[in-house]
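Remarks on the structure that follows.
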Amino acid sequence: MTKITLTATGKYDILVENGLLRETGALTRSVSKALKAAVITDSTVADLYAEAVIRSLEAAGFETKLFVFSAGESSKTHATLLNIYSFLAESDITRTDIIVALGGGVTGDMAGFAAATFLRGIDFIQVPTTLLAQMDSSIGGKTGVDLVQGKNLVGAFYQPRLVICDPAALKTLTPRIFNDGMAEVVKHGCIKDVNLFEKINSANQMDDIIFDMICRSIEIKRDVVENDEKEKGERMLLNFGHTMGHAIEKVYNFGTYTHGEAVAMGMVLASRAGELNGITQGGTTERIKSLLSKLQLPVECRVAVKELAKAAINDKKRSGDIINLVMLKQLGEGYTLKLPVTELERFFSGGAKL
Ligand SMILES: NC(=O)c1ccc[n+]([C@@H]2O[C@H](COP(=O)([O-])OP(=O)(O)OC[C@H]3O[C@@H](n4cnc5c(N)ncnc54)[C@H](O)[C@@H]3O)[C@@H](O)[C@H]2O)c1
Ligand SMILES: [Zn+2]
């Protein structure tokens with residue numbers, strides 16, 4: 001078992017091992033004296049893994065309660081959250097009990113926010129079951145729900161007590177959802193670790209590298225979060241490809257592309273803009289495109305830069321006249337460029353005054 005420890009507000013372990021899901025009970029017991037464990041999961045994951053997790057929790061002496069919501073981003077709302085609060089109250093969950101978030105990023109974000117706010121905060125653990133959740137969303141304490149006005153607009157920084165990653169659970173993912181997570185792994189390589197990038201690029205098959213790739217990707221996220229838990233500086237690097245990625249998701253009404261697919265195209269746009277404006281090493285964009293294509297991710301967006309820039313500028317989370325763009329000096333070395341919003345379109349067309 002690989003153990004990666006994260007020290008932020010609180011200190012917790014991220015454990016990685018094939019088959020670990022079945023040890024959820026004993027591992028949860030090692031961080032909690034709770035009488036009850038409230039398992040929150042979505043409808044797809046419930047069918048696949050809830051029984052094993054509940055059996056394991058009960059074997060470790062927890063009384064278990066189960067809440068299941070319909071799978072998908074459209075459930076990440078205050079309406080589901082209110083149902084979760086009612087479920088927790090009706091289950092007589094107290095401050096000394098624990099929530100187990102079993103599922104992808106939607107489950108982790110929403111169950112984590114319920115944990116942060118129910119009774120002003122109770123313990124929770126993450127049992128992530130998508131690639132994205134294992135190497136990204138379960139780590140670092142960002143929790144929240146969407147509003148109709150935009151994604152993740154209500155939330156809190158609230159760290160879990162433990163993260164249990166079972167790479168074997170990824171076997172049941174559809175290729176598209178798996179590759180969606182791969183976009184974020186490639187992003188970690190781009191901003192922090194050219195060796196990770198190359199390792200993925202030279203792998204003959206995913207099975208050969210998946211365990212080490214997840215662990216390395218978790219370490220990268222852990223380091224960034226430890227340096228900047230509340231996203232005032234370095235954590236922004238994780239937004240590489242996301243300014244244009246979010247714009248693409250928005251222009252397509254969140255329907256055509258997955259988040260990872262949009263980020264893949266966003267990374268290509270950012271890298272290309274970097275090369276055109278003379279701040280990114282020549283050839284970087286071709287290397288990124290080639291790897292993303294290998295992973296069956298889209299690399300070219302058909303929407304005009306002008307329209308994307310407009311969507312990016314209107315982003316609800318953006319404020320002021322300056323936009324923080326994450327750029328690459330070269331593969332493995334990301335940094336934040338502060339750009340006046342008025343320059344954004346020109347920048348992505350390659351003619352900004354820097
Ligand atoms: N908190 C953070 O730091 C952070 C970071 C990145 C993304 N996010 C959030 O994460 C969410 C996206 O996460 P996601 O892609 O995991 O979405 P998700 O939770 O909706 O999971 C994607 C799909 O995979 C299914 N699934 C999950 N595990 C499975 C398994 N093992 N086998 C088969 N199917 C499985 C789910 O039922 C769902 O249909 C977004 O809401 C995003 O905002 C949060
Ligand atoms: Zn992302």
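Ordering of the structure tokens sets the chain letters (A, B, ...), residue numbers begin anew at 1 in every chain, and ligands are numbered from 1 in the order given.
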
Quiz item: If you count only C-alpha atoms and all ligand atoms, which residues end up within 10 Å of ligand 2, as an MDAnalysis selection string?
Solution: chainID A and resid 132 136:137 180:181 183:185 187 238:242 245:246 259:264

Enumerate, in order of chain and increasing residue number, the residues of chain A with an atom no farther than 8 Å from ligand 1, each with its shortest atom pair and distance in Å to one decimal, counting only C-alpha atoms and all ligand atoms, as a tab-separated table.
```
residue	atom	partner	partner_atom_place_in_ligand_line	distance
A:Asp42	CA	ligand 1	37 (O)	5.7
A:Ser43	CA	ligand 1	37 (O)	6.4
A:Thr44	CA	ligand 1	37 (O)	4.4
A:Val45	CA	ligand 1	37 (O)	5.3
A:Leu48	CA	ligand 1	32 (N)	7.1
A:Tyr49	CA	ligand 1	31 (N)	7.9
A:Ala71	CA	ligand 1	37 (O)	4.6
A:Gly72	CA	ligand 1	20 (O)	4.3
A:Glu73	CA	ligand 1	20 (O)	5.2
A:Lys76	CA	ligand 1	41 (O)	6.9
A:Gly103	CA	ligand 1	28 (N)	5.1
A:Gly104	CA	ligand 1	19 (O)	3.1
A:Gly105	CA	ligand 1	13 (O)	3.2
A:Val106	CA	ligand 1	19 (O)	3.8
A:Thr107	CA	ligand 1	19 (O)	5.4
A:Gly108	CA	ligand 1	1 (N)	7.2
A:Asp109	CA	ligand 1	1 (N)	5.4
A:Pro128	CA	ligand 1	28 (N)	7.4
A:Thr129	CA	ligand 1	28 (N)	4.2
A:Thr130	CA	ligand 1	28 (N)	4.5
A:Leu131	CA	ligand 1	16 (O)	6.9
A:Leu132	CA	ligand 1	16 (O)	5.3
A:Ala133	CA	ligand 1	16 (O)	5.0
A:Asp136	CA	ligand 1	5 (C)	5.4
A:Ser137	CA	ligand 1	4 (C)	3.6
A:Ser138	CA	ligand 1	1 (N)	6.1
A:Ile139	CA	ligand 1	3 (O)	6.5
A:Gly140	CA	ligand 1	3 (O)	6.2
A:Gly141	CA	ligand 1	1 (N)	6.4
A:Lys142	CA	ligand 1	1 (N)	4.2
A:Thr143	CA	ligand 1	1 (N)	5.2
A:Gly144	CA	ligand 1	1 (N)	7.5
A:Val145	CA	ligand 1	41 (O)	7.7
A:Asp146	CA	ligand 1	41 (O)	7.9
A:Lys151	CA	ligand 1	43 (O)	6.7
A:Asn152	CA	ligand 1	43 (O)	6.2
A:Ala169	CA	ligand 1	31 (N)	4.8
A:Leu170	CA	ligand 1	31 (N)	4.7
A:Lys171	CA	ligand 1	31 (N)	6.7
A:Thr172	CA	ligand 1	32 (N)	4.0
A:Leu173	CA	ligand 1	33 (C)	3.9
A:Thr174	CA	ligand 1	33 (C)	6.5
A:Ile177	CA	ligand 1	24 (O)	6.2
A:Asp180	CA	ligand 1	15 (O)	7.0
A:Gly181	CA	ligand 1	15 (O)	6.8
A:His259	CA	ligand 1	12 (C)	7.6
```

Quiz item: Do you know which residues are at most 12 Å from Met213 in chain A counting only C-alpha atoms, after dropping those on the same chain fewer than 6 positions away, and could you put them as a ChimeraX atom specification?
Solution: /A:16,131,134-135,167,181-182,184-186,188-189,193,195-201,203,206-207,219-220

Generate a file of the selected residues that holds N, CA, C and O atoms, formatted as an mmCIF file, in the first residue's frame.
```cif
data_model
loop_
_atom_site.group_PDB
_atom_site.id
_atom_site.type_symbol
_atom_site.label_atom_id
_atom_site.label_comp_id
_atom_site.auth_asym_id
_atom_site.auth_seq_id
_atom_site.Cartn_x
_atom_site.Cartn_y
_atom_site.Cartn_z
ATOM 1 N N VAL A 16 -3.231 4.305 -1.390
ATOM 2 C CA VAL A 16 -3.466 3.772 -2.736
ATOM 3 C C VAL A 16 -3.104 2.294 -2.771
ATOM 4 O O VAL A 16 -1.958 1.928 -2.432
ATOM 5 N N LEU A 131 -11.039 8.102 -12.094
ATOM 6 C CA LEU A 131 -9.637 8.514 -12.166
ATOM 7 C C LEU A 131 -9.505 9.966 -11.715
ATOM 8 O O LEU A 131 -8.620 10.321 -10.936
ATOM 9 N N GLN A 134 -9.720 10.202 -8.009
ATOM 10 C CA GLN A 134 -8.578 9.636 -7.282
ATOM 11 C C GLN A 134 -7.358 10.549 -7.329
ATOM 12 O O GLN A 134 -6.641 10.670 -6.344
ATOM 13 N N MET A 135 -7.098 11.177 -8.479
ATOM 14 C CA MET A 135 -5.854 11.943 -8.568
ATOM 15 C C MET A 135 -6.069 13.443 -8.436
ATOM 16 O O MET A 135 -5.111 14.194 -8.434
ATOM 17 N N PRO A 167 -7.300 1.715 -7.245
ATOM 18 C CA PRO A 167 -7.231 1.784 -8.717
ATOM 19 C C PRO A 167 -7.995 0.657 -9.395
ATOM 20 O O PRO A 167 -8.457 0.820 -10.529
ATOM 21 N N GLY A 181 -10.474 11.758 -17.105
ATOM 22 C CA GLY A 181 -9.515 11.934 -16.007
ATOM 23 C C GLY A 181 -8.090 12.035 -16.512
ATOM 24 O O GLY A 181 -7.263 12.755 -15.941
ATOM 25 N N MET A 182 -7.789 11.343 -17.610
ATOM 26 C CA MET A 182 -6.423 11.391 -18.153
ATOM 27 C C MET A 182 -6.031 12.812 -18.561
ATOM 28 O O MET A 182 -4.868 13.179 -18.506
ATOM 29 N N GLU A 184 -6.614 15.463 -16.952
ATOM 30 C CA GLU A 184 -6.081 16.145 -15.764
ATOM 31 C C GLU A 184 -4.714 15.562 -15.357
ATOM 32 O O GLU A 184 -3.869 16.279 -14.820
ATOM 33 N N VAL A 185 -4.505 14.291 -15.629
ATOM 34 C CA VAL A 185 -3.182 13.711 -15.348
ATOM 35 C C VAL A 185 -2.144 14.357 -16.274
ATOM 36 O O VAL A 185 -1.064 14.762 -15.832
ATOM 37 N N VAL A 186 -2.493 14.472 -17.558
ATOM 38 C CA VAL A 186 -1.586 15.118 -18.516
ATOM 39 C C VAL A 186 -1.319 16.560 -18.064
ATOM 40 O O VAL A 186 -0.188 17.049 -18.117
ATOM 41 N N HIS A 188 -1.211 17.685 -15.016
ATOM 42 C CA HIS A 188 -0.213 17.646 -13.938
ATOM 43 C C HIS A 188 1.197 17.506 -14.518
ATOM 44 O O HIS A 188 2.131 18.154 -14.059
ATOM 45 N N GLY A 189 1.328 16.658 -15.532
ATOM 46 C CA GLY A 189 2.635 16.504 -16.186
ATOM 47 C C GLY A 189 3.078 17.812 -16.816
ATOM 48 O O GLY A 189 4.223 18.235 -16.665
ATOM 49 N N ASP A 193 5.706 18.118 -14.120
ATOM 50 C CA ASP A 193 6.562 16.941 -14.169
ATOM 51 C C ASP A 193 6.644 16.353 -15.582
ATOM 52 O O ASP A 193 5.805 15.556 -15.970
ATOM 53 N N ASN A 195 8.601 14.173 -16.613
ATOM 54 C CA ASN A 195 8.782 12.713 -16.579
ATOM 55 C C ASN A 195 7.442 11.984 -16.571
ATOM 56 O O ASN A 195 7.294 10.939 -17.199
ATOM 57 N N LEU A 196 6.484 12.539 -15.839
ATOM 58 C CA LEU A 196 5.140 11.942 -15.816
ATOM 59 C C LEU A 196 4.555 11.992 -17.227
ATOM 60 O O LEU A 196 3.999 11.005 -17.726
ATOM 61 N N PHE A 197 4.713 13.142 -17.877
ATOM 62 C CA PHE A 197 4.220 13.320 -19.247
ATOM 63 C C PHE A 197 4.826 12.253 -20.162
ATOM 64 O O PHE A 197 4.126 11.569 -20.907
ATOM 65 N N GLU A 198 6.146 12.094 -20.064
ATOM 66 C CA GLU A 198 6.849 11.146 -20.940
ATOM 67 C C GLU A 198 6.492 9.704 -20.637
ATOM 68 O O GLU A 198 6.425 8.864 -21.520
ATOM 69 N N LYS A 199 6.277 9.430 -19.354
ATOM 70 C CA LYS A 199 5.923 8.067 -18.936
ATOM 71 C C LYS A 199 4.600 7.642 -19.587
ATOM 72 O O LYS A 199 4.460 6.526 -20.074
ATOM 73 N N ILE A 200 3.642 8.566 -19.596
ATOM 74 C CA ILE A 200 2.349 8.248 -20.214
ATOM 75 C C ILE A 200 2.552 8.083 -21.717
ATOM 76 O O ILE A 200 2.027 7.177 -22.345
ATOM 77 N N ASN A 201 3.352 8.974 -22.264
ATOM 78 C CA ASN A 201 3.573 8.980 -23.713
ATOM 79 C C ASN A 201 4.220 7.686 -24.198
ATOM 80 O O ASN A 201 3.903 7.190 -25.264
ATOM 81 N N ALA A 203 4.143 4.714 -22.660
ATOM 82 C CA ALA A 203 3.528 3.461 -22.173
ATOM 83 C C ALA A 203 2.876 2.701 -23.320
ATOM 84 O O ALA A 203 2.221 3.295 -24.173
ATOM 85 N N MET A 206 -1.967 1.062 -20.586
ATOM 86 C CA MET A 206 -2.247 1.788 -19.354
ATOM 87 C C MET A 206 -1.973 0.944 -18.112
ATOM 88 O O MET A 206 -1.466 1.436 -17.114
ATOM 89 N N ASP A 207 -2.280 -0.365 -18.202
ATOM 90 C CA ASP A 207 -2.099 -1.240 -17.036
ATOM 91 C C ASP A 207 -0.667 -1.200 -16.493
ATOM 92 O O ASP A 207 -0.442 -1.366 -15.306
ATOM 93 N N GLU A 219 0.746 12.989 -5.697
ATOM 94 C CA GLU A 219 1.835 13.746 -5.046
ATOM 95 C C GLU A 219 1.899 15.180 -5.567
ATOM 96 O O GLU A 219 2.112 16.122 -4.803
ATOM 97 N N ILE A 220 1.712 15.322 -6.874
ATOM 98 C CA ILE A 220 1.767 16.666 -7.458
ATOM 99 C C ILE A 220 0.651 17.521 -6.870
ATOM 100 O O ILE A 220 0.869 18.645 -6.412
#
```

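Across the structure, CA of Ala304 in chain A and CA of Ala273 in chain A are spaced 13.7 Å apart.
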
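Distances to Gly112 in chain A were evaluated for A:Gln159, A:Thr7, A:Ser293, A:Ser75 using only C-alpha atoms, and the minimum falls at A:Gln159.
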
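Between Met236 in chain A and the residues A:Gly334, A:Gly10, A:Gly255, A:Pro298, the shortest atom-to-atom distance, using only C-alpha atoms, involves A:Gly334.
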
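Considering only C-alpha atoms, the residue among A:Ile40, A:Ala309, A:Val268, A:Val53 positioned nearest to Ser290 in chain A is A:Val268.
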
Quiz item: Using only C-alpha atoms, which residues sit within 12 Å of His78 in chain A once same-chain residues fewer than 5 positions away are excluded, as a PyMOL selection string?
Solution: chain A and resi 83-85+110-111+113-114+144-148+151-155

Save the residues we just selected, all heavy atoms, as a compact mmCIF listing (two decimals), in the first residue's frame?
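Final output, out_4.txt:
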```
# COMPACT_ATOMS: atom_id res chain seq x y z
N ASN A 83 -31.66 17.17 0.37
CA ASN A 83 -32.05 15.77 0.63
C ASN A 83 -31.01 15.06 1.49
O ASN A 83 -31.34 14.23 2.34
CB ASN A 83 -32.26 15.01 -0.68
CG ASN A 83 -33.51 15.47 -1.41
OD1 ASN A 83 -34.43 15.99 -0.79
ND2 ASN A 83 -33.54 15.29 -2.72
N ILE A 84 -29.74 15.38 1.24
CA ILE A 84 -28.67 14.76 2.05
C ILE A 84 -28.80 15.22 3.51
O ILE A 84 -28.71 14.41 4.43
CB ILE A 84 -27.27 15.09 1.47
CG1 ILE A 84 -27.08 14.41 0.11
CG2 ILE A 84 -26.16 14.67 2.43
CD1 ILE A 84 -25.78 14.76 -0.62
N TYR A 85 -29.02 16.53 3.71
CA TYR A 85 -29.18 17.02 5.09
C TYR A 85 -30.34 16.29 5.79
O TYR A 85 -30.23 15.89 6.95
CB TYR A 85 -29.48 18.53 5.11
CG TYR A 85 -28.32 19.42 4.69
CD1 TYR A 85 -28.57 20.60 3.97
CD2 TYR A 85 -27.01 19.14 5.03
CE1 TYR A 85 -27.54 21.45 3.59
CE2 TYR A 85 -25.97 19.99 4.65
CZ TYR A 85 -26.24 21.13 3.92
OH TYR A 85 -25.23 21.98 3.54
N MET A 110 -20.01 17.05 -3.21
CA MET A 110 -21.30 17.32 -2.56
C MET A 110 -21.34 16.71 -1.15
O MET A 110 -21.77 17.38 -0.20
CB MET A 110 -22.43 16.74 -3.43
CG MET A 110 -23.79 17.20 -3.03
SD MET A 110 -24.96 17.01 -4.38
CE MET A 110 -24.76 15.30 -4.80
N ALA A 111 -20.86 15.48 -1.00
CA ALA A 111 -20.84 14.86 0.33
C ALA A 111 -19.87 15.63 1.23
O ALA A 111 -20.12 15.79 2.42
CB ALA A 111 -20.42 13.40 0.22
N PHE A 113 -19.21 18.82 1.05
CA PHE A 113 -19.85 20.08 1.46
C PHE A 113 -20.92 19.81 2.51
O PHE A 113 -21.07 20.59 3.48
CB PHE A 113 -20.46 20.80 0.26
CG PHE A 113 -20.96 22.18 0.61
CD1 PHE A 113 -20.11 23.14 1.11
CD2 PHE A 113 -22.31 22.50 0.47
CE1 PHE A 113 -20.57 24.41 1.47
CE2 PHE A 113 -22.78 23.76 0.82
CZ PHE A 113 -21.90 24.72 1.31
N ALA A 114 -21.63 18.70 2.38
CA ALA A 114 -22.60 18.31 3.42
C ALA A 114 -21.86 18.11 4.74
O ALA A 114 -22.31 18.58 5.80
CB ALA A 114 -23.35 17.04 3.01
N GLY A 144 -18.30 21.42 -2.69
CA GLY A 144 -19.32 22.38 -3.11
C GLY A 144 -20.37 21.81 -4.03
O GLY A 144 -20.36 20.62 -4.37
N VAL A 145 -21.29 22.69 -4.42
CA VAL A 145 -22.35 22.32 -5.36
C VAL A 145 -22.47 23.41 -6.44
O VAL A 145 -21.91 24.50 -6.30
CB VAL A 145 -23.73 22.14 -4.66
CG1 VAL A 145 -23.71 20.95 -3.72
CG2 VAL A 145 -24.15 23.41 -3.94
N ASP A 146 -23.19 23.08 -7.49
CA ASP A 146 -23.39 24.01 -8.61
C ASP A 146 -24.65 24.87 -8.38
O ASP A 146 -25.55 24.47 -7.65
CB ASP A 146 -23.60 23.24 -9.92
CG ASP A 146 -22.43 22.31 -10.25
OD1 ASP A 146 -21.30 22.60 -9.81
OD2 ASP A 146 -22.66 21.32 -10.96
N LEU A 147 -24.69 26.00 -9.03
CA LEU A 147 -25.92 26.78 -9.13
C LEU A 147 -26.30 26.84 -10.60
O LEU A 147 -25.45 26.59 -11.46
CB LEU A 147 -25.70 28.21 -8.61
CG LEU A 147 -25.35 28.41 -7.14
CD1 LEU A 147 -25.21 29.90 -6.83
CD2 LEU A 147 -26.38 27.77 -6.24
N VAL A 148 -27.52 27.22 -10.89
CA VAL A 148 -27.86 27.38 -12.32
C VAL A 148 -26.98 28.45 -12.95
O VAL A 148 -26.70 28.42 -14.14
CB VAL A 148 -29.36 27.71 -12.57
CG1 VAL A 148 -30.22 26.48 -12.45
CG2 VAL A 148 -29.86 28.81 -11.67
N LYS A 151 -20.99 26.58 -12.30
CA LYS A 151 -20.55 25.40 -11.56
C LYS A 151 -19.77 25.79 -10.29
O LYS A 151 -19.04 26.78 -10.29
CB LYS A 151 -19.64 24.54 -12.45
CG LYS A 151 -20.44 23.64 -13.38
CD LYS A 151 -19.53 22.85 -14.31
CE LYS A 151 -18.75 21.79 -13.58
NZ LYS A 151 -17.94 20.95 -14.50
N ASN A 152 -19.92 25.01 -9.26
CA ASN A 152 -19.13 25.15 -8.02
C ASN A 152 -19.21 26.54 -7.40
O ASN A 152 -18.23 27.02 -6.82
CB ASN A 152 -17.66 24.80 -8.28
CG ASN A 152 -17.48 23.38 -8.77
OD1 ASN A 152 -18.12 22.46 -8.26
ND2 ASN A 152 -16.64 23.19 -9.77
N LEU A 153 -20.34 27.21 -7.53
CA LEU A 153 -20.40 28.58 -7.01
C LEU A 153 -20.64 28.64 -5.50
O LEU A 153 -20.42 29.67 -4.87
CB LEU A 153 -21.49 29.39 -7.74
CG LEU A 153 -21.16 29.75 -9.20
CD1 LEU A 153 -22.23 30.63 -9.80
CD2 LEU A 153 -19.81 30.42 -9.32
N VAL A 154 -21.09 27.54 -4.91
CA VAL A 154 -21.27 27.50 -3.45
C VAL A 154 -20.40 26.37 -2.91
O VAL A 154 -20.48 25.25 -3.40
CB VAL A 154 -22.74 27.21 -3.09
CG1 VAL A 154 -22.90 27.10 -1.57
CG2 VAL A 154 -23.65 28.30 -3.64
N GLY A 155 -19.55 26.68 -1.94
CA GLY A 155 -18.71 25.60 -1.42
C GLY A 155 -17.87 26.03 -0.25
O GLY A 155 -18.02 27.14 0.28
```

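CA of Asp228 in chain A is found 26.9 Å from CA of Thr28 in chain A.
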
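Neighbours of Val251 in chain A closer than or equal to 12 Å, with only C-alpha atoms counted and sequence neighbours fewer than 3 positions away skipped, come out as Met244, Gly245, His246, Ala247, Ile248, Phe254, Gly255, Thr256, Tyr257, Ala262, Cys301, Arg302, Val303, Ala304, Val305, Lys306, Glu307, Leu308, Ala309, Lys310, Ala311, Ala312, Asn314 and Asp315 of chain A.
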
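The residue that comes closest to Thr77 in chain A, out of A:Ile14, A:Arg29, A:Phe178, A:Gly150 and on the basis of only C-alpha atoms, is A:Gly150.
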
Quiz item: What are the DSSP alpha helix (DSSP H) residues of range 131-208 of chain A, as a PyMOL selection string?
Solution: chain A and resi 131-132+175-192+194-202+206-208

Proximity check range 51-99 of chain A to range 118-126 of chain A, 12 Å, nearest pairs one decimal Å, only C-alpha atoms, as a Markdown table:
```
| residue | atom | partner | partner_atom | distance |
| --- | --- | --- | --- | --- |
| A:Leu81 | CA | A:Phe118 | CA | 10.2 |
| A:Leu82 | CA | A:Phe118 | CA | 10.3 |
| A:Asn83 | CA | A:Phe118 | CA | 11.9 |
| A:Ile84 | CA | A:Phe118 | CA | 9.4 |
| A:Tyr85 | CA | A:Phe118 | CA | 6.7 |
| A:Ser86 | CA | A:Phe118 | CA | 9.9 |
| A:Phe87 | CA | A:Phe118 | CA | 10.9 |
| A:Leu88 | CA | A:Phe118 | CA | 8.1 |
| A:Ala89 | CA | A:Phe118 | CA | 8.8 |
| A:Asp92 | CA | A:Leu119 | CA | 11.2 |
| A:Ile93 | CA | A:Leu119 | CA | 9.2 |
| A:Thr94 | CA | A:Leu119 | CA | 7.6 |
| A:Arg95 | CA | A:Ile122 | CA | 5.3 |
| A:Thr96 | CA | A:Ile122 | CA | 6.8 |
| A:Asp97 | CA | A:Ile122 | CA | 6.9 |
| A:Ile98 | CA | A:Asp123 | CA | 5.0 |
| A:Ile99 | CA | A:Phe124 | CA | 4.4 |
```

Please produce a file of those selected residues containing C-alpha atoms, as an mmCIF file, in the first residue's frame.
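Okay, this is what ended up in result_22.cif:
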```cif
data_model
loop_
_atom_site.group_PDB
_atom_site.id
_atom_site.type_symbol
_atom_site.label_atom_id
_atom_site.label_comp_id
_atom_site.auth_asym_id
_atom_site.auth_seq_id
_atom_site.Cartn_x
_atom_site.Cartn_y
_atom_site.Cartn_z
ATOM 1 C CA LEU A 81 -27.835 18.690 -0.836
ATOM 2 C CA LEU A 82 -31.053 19.416 1.068
ATOM 3 C CA ASN A 83 -32.054 15.773 0.632
ATOM 4 C CA ILE A 84 -28.673 14.761 2.049
ATOM 5 C CA TYR A 85 -29.178 17.018 5.091
ATOM 6 C CA SER A 86 -32.627 15.466 5.681
ATOM 7 C CA PHE A 87 -31.178 11.972 5.337
ATOM 8 C CA LEU A 88 -28.408 12.799 7.847
ATOM 9 C CA ALA A 89 -30.904 14.290 10.316
ATOM 10 C CA ASP A 92 -29.623 10.699 13.734
ATOM 11 C CA ILE A 93 -26.090 11.402 12.560
ATOM 12 C CA THR A 94 -24.270 13.297 15.306
ATOM 13 C CA ARG A 95 -21.113 15.385 15.360
ATOM 14 C CA THR A 96 -19.020 12.370 16.287
ATOM 15 C CA ASP A 97 -20.244 10.255 13.353
ATOM 16 C CA ILE A 98 -18.670 10.146 9.915
ATOM 17 C CA ILE A 99 -19.639 10.569 6.257
#
```

Exercise. Would you please extract all strand (DSSP E) residues from range 135-331 of chain A, as assigned by DSSP on the backbone, and give them as JSON, numbers by chain?
Key: {"A": [142, 143, 144, 145, 146, 147, 150, 151, 152, 153, 154, 155, 156, 157, 162, 163, 164, 165, 322, 323, 324, 325, 326, 327, 328, 329, 330]}

Serialized selection, C-alpha atoms, as a short mmCIF file (atom, residue, chain, number, x, y, z; two decimals), in the first residue's frame:
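Contents of the output file selection18.cif:
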```
data_model
loop_
_atom_site.label_atom_id
_atom_site.label_comp_id
_atom_site.auth_asym_id
_atom_site.auth_seq_id
_atom_site.Cartn_x
_atom_site.Cartn_y
_atom_site.Cartn_z
CA LYS A 142 -12.49 21.82 -2.21
CA THR A 143 -16.14 20.90 -1.71
CA GLY A 144 -19.32 22.38 -3.11
CA VAL A 145 -22.35 22.32 -5.36
CA ASP A 146 -23.39 24.01 -8.61
CA LEU A 147 -25.92 26.78 -9.13
CA GLY A 150 -22.48 28.43 -12.78
CA LYS A 151 -20.55 25.40 -11.56
CA ASN A 152 -19.13 25.15 -8.02
CA LEU A 153 -20.40 28.58 -7.01
CA VAL A 154 -21.27 27.50 -3.45
CA GLY A 155 -18.71 25.60 -1.42
CA ALA A 156 -16.12 25.42 1.30
CA PHE A 157 -12.56 24.36 1.85
CA LEU A 162 -8.66 10.06 4.93
CA VAL A 163 -8.66 9.28 1.21
CA ILE A 164 -8.91 5.64 0.11
CA CYS A 165 -7.93 5.09 -3.54
CA ILE A 322 -6.70 41.14 -14.93
CA ILE A 323 -7.04 37.48 -15.82
CA ASN A 324 -4.66 34.87 -14.39
CA LEU A 325 -3.66 32.60 -17.25
CA VAL A 326 -1.64 29.50 -16.60
CA MET A 327 1.06 29.13 -19.21
CA LEU A 328 3.99 26.80 -19.78
CA LYS A 329 7.60 27.92 -20.11
CA GLN A 330 8.22 24.36 -21.27
#
```

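The residue that comes closest to Glu63 in chain A, out of A:Ala50, A:Ala38, A:Ala79, A:Val224 and on the basis of only C-alpha atoms, is A:Ala38.
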
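Interatomic distance, CA of Val68 in chain A to CA of Glu17 in chain A: 25.3 Å.
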